[in-house]
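The next block is run-v7.pdb, given as PDB, C-alpha atoms, pLDDT in the B column.
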MODEL        1
ATOM      1  CA  MET A  76      -2.967  29.812  13.177  1.00 59.00           C
ATOM      2  CA  THR A  77      -1.406  26.978  15.145  1.00 77.00           C
ATOM      3  CA  GLU A  78       1.122  24.872  13.278  1.00 84.00           C
ATOM      4  CA  ARG A  79      -0.197  21.354  12.788  1.00 93.00           C
ATOM      5  CA  LYS A  80       1.657  18.044  12.655  1.00 95.00           C
ATOM      6  CA  LEU A  81       1.536  16.178   9.366  1.00 96.00           C
ATOM      7  CA  VAL A  82       2.923  12.688   8.752  1.00 97.00           C
ATOM      8  CA  VAL A  83       3.514  11.472   5.202  1.00 97.00           C
ATOM      9  CA  VAL A  84       3.787   7.700   4.720  1.00 97.00           C
ATOM     10  CA  SER A  85       5.363   6.620   1.435  1.00 96.00           C
ATOM     11  CA  ALA A  86       5.464   2.940   0.519  1.00 95.00           C
ATOM     12  CA  GLY A  87       7.684   3.275  -2.552  1.00 92.00           C
ATOM     13  CA  LEU A  88      10.182   0.452  -2.855  1.00 88.00           C
ATOM     14  CA  SER A  89      12.801   2.032  -5.094  1.00 85.00           C
ATOM     15  CA  GLN A  90      14.877   5.106  -4.479  1.00 82.00           C
ATOM     16  CA  PRO A  91      13.995   7.510  -5.937  1.00 85.00           C
ATOM     17  CA  SER A  92      10.398   6.442  -6.537  1.00 89.00           C
ATOM     18  CA  SER A  93       7.373   7.990  -8.195  1.00 93.00           C
ATOM     19  CA  THR A  94       5.473   7.140  -5.001  1.00 95.00           C
ATOM     20  CA  ARG A  95       7.760   9.376  -2.935  1.00 95.00           C
ATOM     21  CA  LEU A  96       7.556  12.064  -5.622  1.00 94.00           C
ATOM     22  CA  LEU A  97       3.764  12.070  -5.398  1.00 96.00           C
ATOM     23  CA  ALA A  98       3.918  12.063  -1.584  1.00 96.00           C
ATOM     24  CA  ASP A  99       6.249  15.088  -1.638  1.00 96.00           C
ATOM     25  CA  ARG A 100       4.002  16.977  -4.049  1.00 96.00           C
ATOM     26  CA  LEU A 101       0.930  16.295  -1.902  1.00 97.00           C
ATOM     27  CA  ALA A 102       2.792  17.471   1.207  1.00 97.00           C
ATOM     28  CA  ALA A 103       4.054  20.625  -0.535  1.00 96.00           C
ATOM     29  CA  ALA A 104       0.544  21.478  -1.739  1.00 97.00           C
ATOM     30  CA  THR A 105      -0.797  21.001   1.798  1.00 96.00           C
ATOM     31  CA  GLU A 106       1.960  23.223   3.201  1.00 95.00           C
ATOM     32  CA  ARG A 107       0.836  25.987   0.821  1.00 95.00           C
ATOM     33  CA  GLU A 108      -2.660  25.760   2.306  1.00 94.00           C
ATOM     34  CA  LEU A 109      -1.865  25.406   6.001  1.00 94.00           C
ATOM     35  CA  PRO A 110       1.077  25.876   8.389  1.00 93.00           C
ATOM     36  CA  VAL A 111       2.246  22.329   9.107  1.00 93.00           C
ATOM     37  CA  ARG A 112       5.357  20.595  10.416  1.00 95.00           C
ATOM     38  CA  THR A 113       5.888  17.601   8.159  1.00 96.00           C
ATOM     39  CA  ARG A 114       7.548  14.258   8.891  1.00 96.00           C
ATOM     40  CA  VAL A 115       8.057  11.890   5.952  1.00 96.00           C
ATOM     41  CA  VAL A 116       8.241   8.155   6.662  1.00 96.00           C
ATOM     42  CA  GLU A 117       9.721   5.884   4.000  1.00 96.00           C
ATOM     43  CA  LEU A 118       8.281   2.453   4.789  1.00 96.00           C
ATOM     44  CA  ARG A 119      11.117   0.713   2.922  1.00 95.00           C
ATOM     45  CA  ASP A 120      13.410   1.852   5.776  1.00 95.00           C
ATOM     46  CA  HIS A 121      11.183   0.066   8.305  1.00 96.00           C
ATOM     47  CA  ALA A 122      10.272  -3.082   6.334  1.00 95.00           C
ATOM     48  CA  LYS A 123      12.172  -5.478   8.605  1.00 96.00           C
ATOM     49  CA  ASP A 124      10.760  -3.870  11.760  1.00 96.00           C
ATOM     50  CA  VAL A 125       7.229  -4.115  10.354  1.00 96.00           C
ATOM     51  CA  ALA A 126       7.728  -7.819   9.566  1.00 96.00           C
ATOM     52  CA  ASP A 127       9.187  -8.449  13.033  1.00 96.00           C
ATOM     53  CA  ASN A 128       6.214  -6.671  14.610  1.00 95.00           C
ATOM     54  CA  LEU A 129       3.778  -8.853  12.655  1.00 95.00           C
ATOM     55  CA  VAL A 130       5.514 -11.986  13.967  1.00 95.00           C
ATOM     56  CA  THR A 131       6.222 -10.930  17.564  1.00 93.00           C
ATOM     57  CA  GLY A 132       3.394  -8.486  18.221  1.00 90.00           C
ATOM     58  CA  PHE A 133       5.850  -5.854  19.460  1.00 92.00           C
ATOM     59  CA  PRO A 134       7.382  -2.933  17.537  1.00 92.00           C
ATOM     60  CA  GLY A 135      11.082  -2.119  17.759  1.00 91.00           C
ATOM     61  CA  THR A 136      12.185   1.272  19.056  1.00 93.00           C
ATOM     62  CA  GLU A 137      12.309   3.031  15.679  1.00 94.00           C
ATOM     63  CA  LEU A 138       9.001   1.606  14.499  1.00 95.00           C
ATOM     64  CA  ARG A 139       7.364   2.490  17.827  1.00 95.00           C
ATOM     65  CA  GLU A 140       8.466   6.102  17.299  1.00 95.00           C
ATOM     66  CA  VAL A 141       6.916   6.133  13.809  1.00 96.00           C
ATOM     67  CA  LEU A 142       3.655   4.582  15.040  1.00 96.00           C
ATOM     68  CA  ASP A 143       3.468   7.164  17.849  1.00 96.00           C
ATOM     69  CA  GLU A 144       4.052  10.008  15.382  1.00 96.00           C
ATOM     70  CA  VAL A 145       1.247   8.764  13.137  1.00 96.00           C
ATOM     71  CA  ALA A 146      -1.077   8.546  16.152  1.00 96.00           C
ATOM     72  CA  ALA A 147      -0.137  12.070  17.302  1.00 95.00           C
ATOM     73  CA  ALA A 148      -0.397  13.700  13.859  1.00 96.00           C
ATOM     74  CA  ASP A 149      -3.180  16.101  12.955  1.00 96.00           C
ATOM     75  CA  GLY A 150      -3.304  14.633   9.461  1.00 97.00           C
ATOM     76  CA  LEU A 151      -1.850  11.775   7.428  1.00 98.00           C
ATOM     77  CA  ILE A 152      -0.874  11.524   3.770  1.00 98.00           C
ATOM     78  CA  ALA A 153      -0.606   7.877   2.690  1.00 98.00           C
ATOM     79  CA  VAL A 154       0.791   6.947  -0.733  1.00 97.00           C
ATOM     80  CA  THR A 155       1.459   3.483  -2.140  1.00 96.00           C
ATOM     81  CA  PRO A 156       2.428   1.924  -5.435  1.00 95.00           C
ATOM     82  CA  ILE A 157      -0.283  -0.283  -6.896  1.00 94.00           C
ATOM     83  CA  PHE A 158       0.618  -3.948  -7.423  1.00 90.00           C
ATOM     84  CA  GLN A 159      -1.854  -6.560  -8.707  1.00 86.00           C
ATOM     85  CA  ALA A 160      -4.694  -3.988  -8.566  1.00 85.00           C
ATOM     86  CA  SER A 161      -4.202  -3.164  -4.868  1.00 92.00           C
ATOM     87  CA  TYR A 162      -1.884  -1.467  -2.381  1.00 94.00           C
ATOM     88  CA  SER A 163       1.545  -2.950  -1.712  1.00 93.00           C
ATOM     89  CA  GLY A 164       2.045  -5.619   0.942  1.00 94.00           C
ATOM     90  CA  LEU A 165       4.423  -3.364   2.876  1.00 95.00           C
ATOM     91  CA  PHE A 166       1.828  -0.573   2.938  1.00 96.00           C
ATOM     92  CA  LYS A 167      -0.892  -2.905   4.240  1.00 96.00           C
ATOM     93  CA  SER A 168       1.449  -4.504   6.782  1.00 96.00           C
ATOM     94  CA  PHE A 169       2.334  -1.098   8.250  1.00 96.00           C
ATOM     95  CA  PHE A 170      -1.321  -0.265   8.820  1.00 96.00           C
ATOM     96  CA  ASP A 171      -1.881  -3.774  10.208  1.00 96.00           C
ATOM     97  CA  VAL A 172       0.563  -3.066  13.050  1.00 95.00           C
ATOM     98  CA  LEU A 173      -0.838   0.412  13.748  1.00 95.00           C
ATOM     99  CA  ASP A 174      -3.147   0.555  16.765  1.00 93.00           C
ATOM    100  CA  ASN A 175      -6.798   0.407  15.686  1.00 90.00           C
ATOM    101  CA  GLU A 176      -7.620   3.698  17.449  1.00 92.00           C
ATOM    102  CA  SER A 177      -4.703   5.689  15.977  1.00 95.00           C
ATOM    103  CA  LEU A 178      -6.558   7.035  12.940  1.00 96.00           C
ATOM    104  CA  GLN A 179      -9.992   7.516  14.464  1.00 95.00           C
ATOM    105  CA  GLY A 180     -11.364  10.847  13.219  1.00 95.00           C
ATOM    106  CA  LYS A 181      -8.019  11.781  11.649  1.00 97.00           C
ATOM    107  CA  PRO A 182      -8.008  13.410   8.185  1.00 97.00           C
ATOM    108  CA  VAL A 183      -6.227  11.176   5.666  1.00 97.00           C
ATOM    109  CA  LEU A 184      -5.271  12.049   2.098  1.00 98.00           C
ATOM    110  CA  ILE A 185      -4.711   8.950  -0.028  1.00 98.00           C
ATOM    111  CA  GLY A 186      -2.609   8.686  -3.148  1.00 97.00           C
ATOM    112  CA  ALA A 187      -1.195   5.955  -5.353  1.00 96.00           C
ATOM    113  CA  THR A 188       1.094   5.441  -8.321  1.00 95.00           C
ATOM    114  CA  GLY A 189       1.130   2.843 -11.042  1.00 92.00           C
ATOM    115  CA  GLY A 190       2.153   2.122 -14.572  1.00 86.00           C
ATOM    116  CA  SER A 191      -1.307   2.359 -16.074  1.00 82.00           C
ATOM    117  CA  PRO A 192      -4.404   4.505 -15.463  1.00 84.00           C
ATOM    118  CA  ARG A 193      -6.347   1.215 -15.231  1.00 82.00           C
ATOM    119  CA  HIS A 194      -5.133   0.805 -11.650  1.00 85.00           C
ATOM    120  CA  SER A 195      -6.611   4.088 -10.423  1.00 89.00           C
ATOM    121  CA  LEU A 196      -9.718   2.359  -9.042  1.00 89.00           C
ATOM    122  CA  ALA A 197      -7.531   0.690  -6.400  1.00 91.00           C
ATOM    123  CA  LEU A 198      -7.823   3.950  -4.467  1.00 93.00           C
ATOM    124  CA  GLU A 199     -11.577   3.456  -4.220  1.00 93.00           C
ATOM    125  CA  HIS A 200     -11.926  -0.309  -3.882  1.00 93.00           C
ATOM    126  CA  ALA A 201      -8.891  -0.997  -1.660  1.00 94.00           C
ATOM    127  CA  MET A 202      -7.411   2.079   0.050  1.00 95.00           C
ATOM    128  CA  ARG A 203     -10.522   4.080   0.908  1.00 95.00           C
ATOM    129  CA  PRO A 204     -12.324   1.082   2.503  1.00 96.00           C
ATOM    130  CA  MET A 205      -9.252   0.237   4.604  1.00 96.00           C
ATOM    131  CA  PHE A 206      -9.012   3.757   6.025  1.00 96.00           C
ATOM    132  CA  SER A 207     -12.782   3.912   6.516  1.00 95.00           C
ATOM    133  CA  TYR A 208     -12.537   0.681   8.500  1.00 95.00           C
ATOM    134  CA  LEU A 209      -9.903   2.384  10.688  1.00 96.00           C
ATOM    135  CA  ARG A 210     -12.448   5.218  11.178  1.00 96.00           C
ATOM    136  CA  ALA A 211     -10.273   7.846   9.497  1.00 96.00           C
ATOM    137  CA  VAL A 212     -11.846  10.794   7.679  1.00 96.00           C
ATOM    138  CA  VAL A 213     -10.715  10.222   4.105  1.00 97.00           C
ATOM    139  CA  VAL A 214     -10.427  13.271   1.838  1.00 97.00           C
ATOM    140  CA  PRO A 215     -13.014  13.129  -0.999  1.00 96.00           C
ATOM    141  CA  THR A 216     -10.399  13.615  -3.729  1.00 96.00           C
ATOM    142  CA  ALA A 217      -7.867  10.785  -3.982  1.00 96.00           C
ATOM    143  CA  VAL A 218      -4.829  11.262  -6.236  1.00 96.00           C
ATOM    144  CA  TYR A 219      -3.572   8.634  -8.639  1.00 95.00           C
ATOM    145  CA  ALA A 220      -0.507   9.202 -10.816  1.00 94.00           C
ATOM    146  CA  ALA A 221       0.199   6.892 -13.754  1.00 91.00           C
ATOM    147  CA  SER A 222       3.529   6.876 -15.559  1.00 85.00           C
ATOM    148  CA  GLU A 223       2.139   9.183 -18.247  1.00 84.00           C
ATOM    149  CA  ASP A 224       1.265  11.845 -15.635  1.00 83.00           C
ATOM    150  CA  TRP A 225       4.955  12.518 -14.988  1.00 77.00           C
ATOM    151  CA  GLY A 226       5.717  13.771 -18.474  1.00 66.00           C
ATOM    152  CA  ASN A 227       6.134  12.171 -21.917  1.00 54.00           C
ATOM    153  CA  GLY A 228       2.450  11.210 -22.241  1.00 48.00           C
ATOM    154  CA  GLY A 229       0.840  14.244 -20.613  1.00 50.00           C
ATOM    155  CA  ASP A 230       1.508  17.853 -19.741  1.00 54.00           C
ATOM    156  CA  GLY A 231       1.155  17.323 -15.987  1.00 65.00           C
ATOM    157  CA  THR A 232      -1.581  19.934 -15.489  1.00 82.00           C
ATOM    158  CA  ALA A 233      -4.323  17.375 -14.768  1.00 87.00           C
ATOM    159  CA  LEU A 234      -2.197  15.794 -12.023  1.00 91.00           C
ATOM    160  CA  ALA A 235      -1.288  19.208 -10.599  1.00 92.00           C
ATOM    161  CA  ASP A 236      -4.978  20.161 -10.499  1.00 93.00           C
ATOM    162  CA  ARG A 237      -5.896  16.937  -8.669  1.00 94.00           C
ATOM    163  CA  ILE A 238      -3.065  17.480  -6.170  1.00 96.00           C
ATOM    164  CA  ASP A 239      -4.145  21.063  -5.461  1.00 96.00           C
ATOM    165  CA  ARG A 240      -7.811  20.110  -5.072  1.00 96.00           C
ATOM    166  CA  ALA A 241      -7.003  17.207  -2.735  1.00 97.00           C
ATOM    167  CA  ALA A 242      -4.608  19.329  -0.657  1.00 97.00           C
ATOM    168  CA  ALA A 243      -7.206  22.085  -0.240  1.00 97.00           C
ATOM    169  CA  GLU A 244      -9.796  19.551   0.963  1.00 97.00           C
ATOM    170  CA  PHE A 245      -7.241  17.959   3.279  1.00 97.00           C
ATOM    171  CA  ALA A 246      -6.123  21.291   4.766  1.00 95.00           C
ATOM    172  CA  ALA A 247      -9.745  22.295   5.386  1.00 95.00           C
ATOM    173  CA  LEU A 248     -10.406  19.057   7.290  1.00 96.00           C
ATOM    174  CA  ILE A 249      -7.281  19.523   9.406  1.00 95.00           C
ATOM    175  CA  ALA A 250      -8.074  23.179  10.146  1.00 93.00           C
ATOM    176  CA  ALA A 251     -11.614  22.275  11.222  1.00 91.00           C
ATOM    177  CA  ARG A 252     -10.361  19.905  13.938  1.00 87.00           C
ATOM    178  CA  PRO A 253      -8.791  20.873  17.255  1.00 80.00           C
ATOM    179  CA  ALA A 254      -5.031  20.350  17.253  1.00 72.00           C
ATOM    180  CA  THR A 255      -4.034  16.861  18.346  1.00 61.00           C
ATOM    181  CA  SER A 256      -2.316  16.783  21.698  1.00 53.00           C
ATOM    182  CA  ARG A 257      -0.682  13.674  22.999  1.00 50.00           C
ATOM    183  CA  PRO A 258      -1.936  12.904  26.526  1.00 50.00           C
ATOM    184  CA  ASP A 259       0.646  13.061  29.283  1.00 48.00           C
ATOM    185  CA  PRO A 260       1.040   9.455  30.534  1.00 50.00           C
ATOM    186  CA  PHE A 261       2.066  10.762  33.964  1.00 51.00           C
ATOM    187  CA  GLU A 262      -0.855  13.150  34.390  1.00 57.00           C
ATOM    188  CA  ASP A 263      -3.065  10.757  36.369  1.00 63.00           C
ATOM    189  CA  VAL A 264      -0.459   8.806  38.318  1.00 68.00           C
ATOM    190  CA  VAL A 265      -1.798   7.121  41.453  1.00 72.00           C
ATOM    191  CA  PRO A 266       0.261   8.193  44.492  1.00 72.00           C
ATOM    192  CA  PHE A 267       2.510   5.486  45.923  1.00 69.00           C
ATOM    193  CA  GLU A 268       0.801   5.672  49.326  1.00 76.00           C
ATOM    194  CA  GLN A 269      -2.582   5.002  47.703  1.00 74.00           C
ATOM    195  CA  LEU A 270      -1.200   2.015  45.835  1.00 71.00           C
ATOM    196  CA  MET A 271       0.235   0.572  49.062  1.00 74.00           C
ATOM    197  CA  ALA A 272      -3.039   1.160  50.922  1.00 76.00           C
ATOM    198  CA  GLN A 273      -4.882  -0.970  48.343  1.00 72.00           C
ATOM    199  CA  ASN A 274      -2.790  -4.056  49.213  1.00 61.00           C
TER     200      ASN A 274
ENDMDL
END
Could you spell out this file's structure in structure tokens?
Amino acid sequence: MTERKLVVVSAGLSQPSSTRLLADRLAAATERELPVRTRVVELRDHAKDVADNLVTGFPGTELREVLDEVAAADGLIAVTPIFQASYSGLFKSFFDVLDNESLQGKPVLIGATGGSPRHSLALEHAMRPMFSYLRAVVVPTAVYAASEDWGNGGDGTALADRIDRAAAEFAALIAARPATSRPDPFEDVVPFEQLMAQN
């Protein structure tokens, strides 16, 4: 089976963060299901570039590379902390600067973290609609991890089961699609003589 390209976007603000921990667990579960080459993007490392892009309309070199990798990926895992019952501002800003066509038809696995299970509905009323608007194919099972899912309050098996179920659905969607290939920008170059003849 052909190795696929997977990009993991984590919007955790602290280091280490439970958001990154969830992102890593989702990626690891996907890797058990399907041969993938994974690139993890910590949005906190690109916060200034994202803000500059919002103001100027142009991404810097490093952000451009990240945006291109997301566009070229066969699948995307997107995980955010939940603030005020919705995704973080940094998370939303990153997807605001992404080209509108970049996620069209692309399998996306969504996840979120928060202090209370009450915030789990943010996956359904905020994240899923955003990715649907971008015409992504969102995995049916979304994964939310509250503080109690990491230990102390729970045994972790419910979270592990959700992660495994979501990863299996995600891997099946990726495997069902043809591998993404980035078009060669020089493939259809107009010969110089033809350009000169047009003038």
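Evaluated on this file, the PyMOL selection byres ((chain A and resi 212) around 7) matches Gly180, Lys181, Pro182, Val183, Arg210, Ala211, Val213 and Val214 of chain A.
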What does the distance between atom CA of Ala201 of chain A and atom CA of Ala220 of chain A come to in Å, to one decimal place? 16.1 Å
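Residues in contact with Leu138 of chain A at 10 Å, where all atoms listed in the file are counted and same-chain residues fewer than 3 positions away are skipped, are listed as Leu118, Asp120, His121, Ala122, Lys123, Asp124, Val125, Asn128, Phe133, Pro134, Gly135, Val141, Leu142, Asp143, Glu144, Phe169, Val172 and Leu173 of chain A.
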Residues as selected, C-alpha atoms, written as a short mmCIF file (atom, residue, chain, number, x, y, z; two decimals), in the coordinates of the input, can you do that?
data_model
loop_
_atom_site.label_atom_id
_atom_site.label_comp_id
_atom_site.auth_asym_id
_atom_site.auth_seq_id
_atom_site.Cartn_x
_atom_site.Cartn_y
_atom_site.Cartn_z
CA LEU A 118 8.28 2.45 4.79
CA ASP A 120 13.41 1.85 5.78
CA HIS A 121 11.18 0.07 8.30
CA ALA A 122 10.27 -3.08 6.33
CA LYS A 123 12.17 -5.48 8.60
CA ASP A 124 10.76 -3.87 11.76
CA VAL A 125 7.23 -4.12 10.35
CA ASN A 128 6.21 -6.67 14.61
CA PHE A 133 5.85 -5.85 19.46
CA PRO A 134 7.38 -2.93 17.54
CA GLY A 135 11.08 -2.12 17.76
CA VAL A 141 6.92 6.13 13.81
CA LEU A 142 3.66 4.58 15.04
CA ASP A 143 3.47 7.16 17.85
CA GLU A 144 4.05 10.01 15.38
CA PHE A 169 2.33 -1.10 8.25
CA VAL A 172 0.56 -3.07 13.05
CA LEU A 173 -0.84 0.41 13.75
#
Box time for segment 84-87 of chain A: axis-aligned, enclosing all its listed atoms, 5 Å extra on each side; report centre and edge lengths in Å to one decimal, as AutoDock Vina command-line options.
--center_x 5.7 --center_y 5.3 --center_z 1.1 --size_x 13.9 --size_y 14.8 --size_z 17.3
Distance of atom CA of Ala104 of chain A from atom CA of Glu223 of chain A, expressed in Å to one decimal place: 20.6 Å
For the PyMOL selection byres ((chain A and resi 236) around 12), applied here, can you spell out every residue it catches as a list in words? Arg100, Leu101, Ala104, Thr216, Ala217, Val218, Tyr219, Ala220, Asp224, Asp230, Gly231, Thr232, Ala233, Leu234, Ala235, Arg237, Ile238, Asp239, Arg240, Ala241, Ala242 and Ala243 of chain A
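Atom CA of Phe158 of chain A is found 25.6 Å from atom CA of Phe245 of chain A.
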Run through the PyMOL selection byres ((chain A and resi 109-117) around 10) on the given coordinates and return the selected residues as a VMD selection string. chain A and resid 76 to 88 90 95 98 to 99 102 to 108 118 to 122 141 144 to 145 148 to 153 242 to 243 245 to 247 249 to 250
Near-Ser195 of chain A list (10 Å; only C-alpha atoms; drop same-chain fewer than 2 positions) as a ChimeraX atom specification: /A:157,160-161,186-193,197-200,217-221
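The shortest atom-to-atom distance to Thr94 of chain A, with all atoms listed in the file taken into account, belongs to A:Thr155 out of A:Thr131, A:Gln273, A:Thr155, A:Gln179.
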Please supply segment 114-131 of chain A, rebuilt with N, CA and C atoms, as a tab-separated table (two decimals), in the coordinates of the input.
chain	number	residue	atom	x	y	z
A	114	ARG	N	6.60	15.36	8.72
A	114	ARG	CA	7.55	14.26	8.89
A	114	ARG	C	7.23	13.23	7.81
A	115	VAL	N	8.23	12.89	7.01
A	115	VAL	CA	8.06	11.89	5.95
A	115	VAL	C	8.61	10.56	6.44
A	116	VAL	N	7.83	9.50	6.27
A	116	VAL	CA	8.24	8.15	6.66
A	116	VAL	C	8.33	7.31	5.40
A	117	GLU	N	9.52	6.82	5.10
A	117	GLU	CA	9.72	5.88	4.00
A	117	GLU	C	9.58	4.48	4.57
A	118	LEU	N	8.51	3.78	4.21
A	118	LEU	CA	8.28	2.45	4.79
A	118	LEU	C	9.38	1.46	4.44
A	119	ARG	N	10.05	1.64	3.30
A	119	ARG	CA	11.12	0.71	2.92
A	119	ARG	C	12.22	0.68	3.99
A	120	ASP	N	12.40	1.79	4.71
A	120	ASP	CA	13.41	1.85	5.78
A	120	ASP	C	12.99	1.08	7.02
A	121	HIS	N	11.71	0.74	7.11
A	121	HIS	CA	11.18	0.07	8.30
A	121	HIS	C	10.60	-1.31	7.98
A	122	ALA	N	10.89	-1.82	6.78
A	122	ALA	CA	10.27	-3.08	6.33
A	122	ALA	C	10.57	-4.24	7.29
A	123	LYS	N	11.81	-4.38	7.71
A	123	LYS	CA	12.17	-5.48	8.60
A	123	LYS	C	11.47	-5.33	9.96
A	124	ASP	N	11.43	-4.10	10.48
A	124	ASP	CA	10.76	-3.87	11.76
A	124	ASP	C	9.26	-4.17	11.67
A	125	VAL	N	8.65	-3.83	10.53
A	125	VAL	CA	7.23	-4.12	10.35
A	125	VAL	C	7.00	-5.62	10.34
A	126	ALA	N	7.85	-6.35	9.61
A	126	ALA	CA	7.73	-7.82	9.57
A	126	ALA	C	7.94	-8.42	10.95
A	127	ASP	N	8.95	-7.94	11.68
A	127	ASP	CA	9.19	-8.45	13.03
A	127	ASP	C	7.99	-8.19	13.94
A	128	ASN	N	7.37	-7.01	13.80
A	128	ASN	CA	6.21	-6.67	14.61
A	128	ASN	C	5.04	-7.60	14.30
A	129	LEU	N	4.86	-7.94	13.02
A	129	LEU	CA	3.78	-8.85	12.66
A	129	LEU	C	3.96	-10.22	13.31
A	130	VAL	N	5.22	-10.66	13.42
A	130	VAL	CA	5.51	-11.99	13.97
A	130	VAL	C	5.50	-11.99	15.49
A	131	THR	N	6.08	-10.95	16.11
A	131	THR	CA	6.22	-10.93	17.56
A	131	THR	C	5.09	-10.21	18.28
